[in-house]
Amino acid sequence: MDSIPANRQLWNRISSAYQHKHDPHIGAAPRLWGMYSLPDTHLNALGEVTGRRVLELGCGAGQWSRALAAEGATVIGLDLSEAQLAAAARAMGPARYPLVQGAAEQLPFAADTFDLVFCDFGGLSWAPPHLAVPQAARVLRPGGRLVFNVASPWFEACYDEAAARVTTTLQQDYFGLDTIAEGGGAMSYQLTYGDWVRVLRGAGLVIDDLIEPRPGPATPNGYNETHPPDWAHRWPAELLWVTHKP
Ligand SMILES: C[S@@+](CC[C@H](N)C(=O)[O-])C[C@H]1O[C@@H](n2cnc3c(N)ncnc32)[C@H](O)[C@@H]1O
């Protein structure tokens with residue numbers, strides 16, 4: 001099913017409220033990963049980007065792209081939503097970088113273009129991975145890296161829809177999590193561990209690491225209520241995949 005039109009509408013509709021709520025945290029410092037804004041200086045997922053050609057899939061307001069451009073990367077921020085791209089344009093710093101409207105499942109770039117393709121709850125959470133991962137692999141040059149952070153299956157399986165919080169009880173089947181209805185036909189995507197491995201390897205990528213970001217017991221989740229509050233200190237809330245194209 002094509003979720004592009006509905007996801008675009010969703011993000012155009014929620015962009016302003018989303019940025020109002022989250023940008024003060026996720027834009028506060030460079031290179032912060034995920035729901036707990038964990039610094040990449042601790043996780044060491046992205047590596048050196050100076051002089052590299054970098055594509056962010058689903059850049060939102062460009063908190064990441066802006067930081068990497070300031071480090072001297074040649075960054076392109078791609079996003080489906082014109083409202084999110086407008087927010088990125090407004091927030092752009094002195095290191096300018098191009099913004100492109102497009103979908104992670106249909107990348108408008110030639111093969112072998114980028115040294116690094118990455119996202120943080122971006123295109124690989126909001127586009128079908130069996131389409132978006134091969135696209136990312138196609139536009140990477142040999143030796144280039146695909147690095148991305150998504151919610152973990154643990155987090156999704158323990159999410160209680162009615163109470164709108166993550167719990168210690170399994171709420172949903174692990175098998176069959178793959179599409180999550182976000183309202184109005186919009187979809188986000190979730191794979192099992194095995195399906196991620198198969199999709200990545202099927203696109204010809206080599207898996208170098210699977211980082212499971214672990215916040216401290218008192219680190220706040222900027223997005224979701226969890227019960228207990230230190231849930232993600234005890235179980236993995238996110239998967240940070242580090243891969244490369246041989
Ligand atoms: C949660 S934001 C990620 C950006 C930033 N890291 C953040 O956390 O705010 C998700 C972004 O993915 C974009 N998006 C949704 N579907 C997409 C798709 N199919 N291709 C590319 N971007 C998409 C949305 O417009 C939104 O800006």
# chains A, B, ... in the order shown; residues from 1 in each chain; ligands from 1
$ select_by_dssp --residues "range 9-177 of chain A" --states "helix (DSSP H, G or I)" --output "PyMOL selection string"
chain A and resi 9-26+40-43+63-70+82-91+123-126+129-139+153-157
$ residues_near_ligand --ligand "ligand 1" --cutoff "6 Å" --atoms "only C-alpha atoms and all ligand atoms" --output "PyMOL selection string"
chain A and resi 4+7+11+57-60+79-81+84+103-104+120-123+126-127
$ closest_residue --among "A:Trp241, A:Leu177, A:Gly102, A:Ala136" --to "Arg8 in chain A" --atoms "only C-alpha atoms"
A:Gly102
$ closest_residue --among "A:Phe148, A:Tyr223, A:Trp235, A:Tyr189" --to "Leu210 in chain A" --atoms "only C-alpha atoms"
A:Phe148
$ atom_distance --atom1 "CA of Ser3 in chain A" --atom2 "CA of Gly185 in chain A"
7.0 Å
$ select_by_dssp --residues "range 52-114 of chain A" --states "strand (DSSP E or B)" --output "JSON, numbers by chain"
{"A": [53, 54, 55, 56, 57, 74, 75, 76, 77, 78, 79, 99, 100, 101, 103, 106, 114]}
$ atom_distance --atom1 "CA of Gly216 in chain A" --atom2 "CA of Thr243 in chain A"
25.9 Å
$ closest_residue --among "A:Pro236, A:Asp23, A:Met35, A:Val100" --to "Thr219 in chain A" --atoms "only C-alpha atoms"
A:Met35
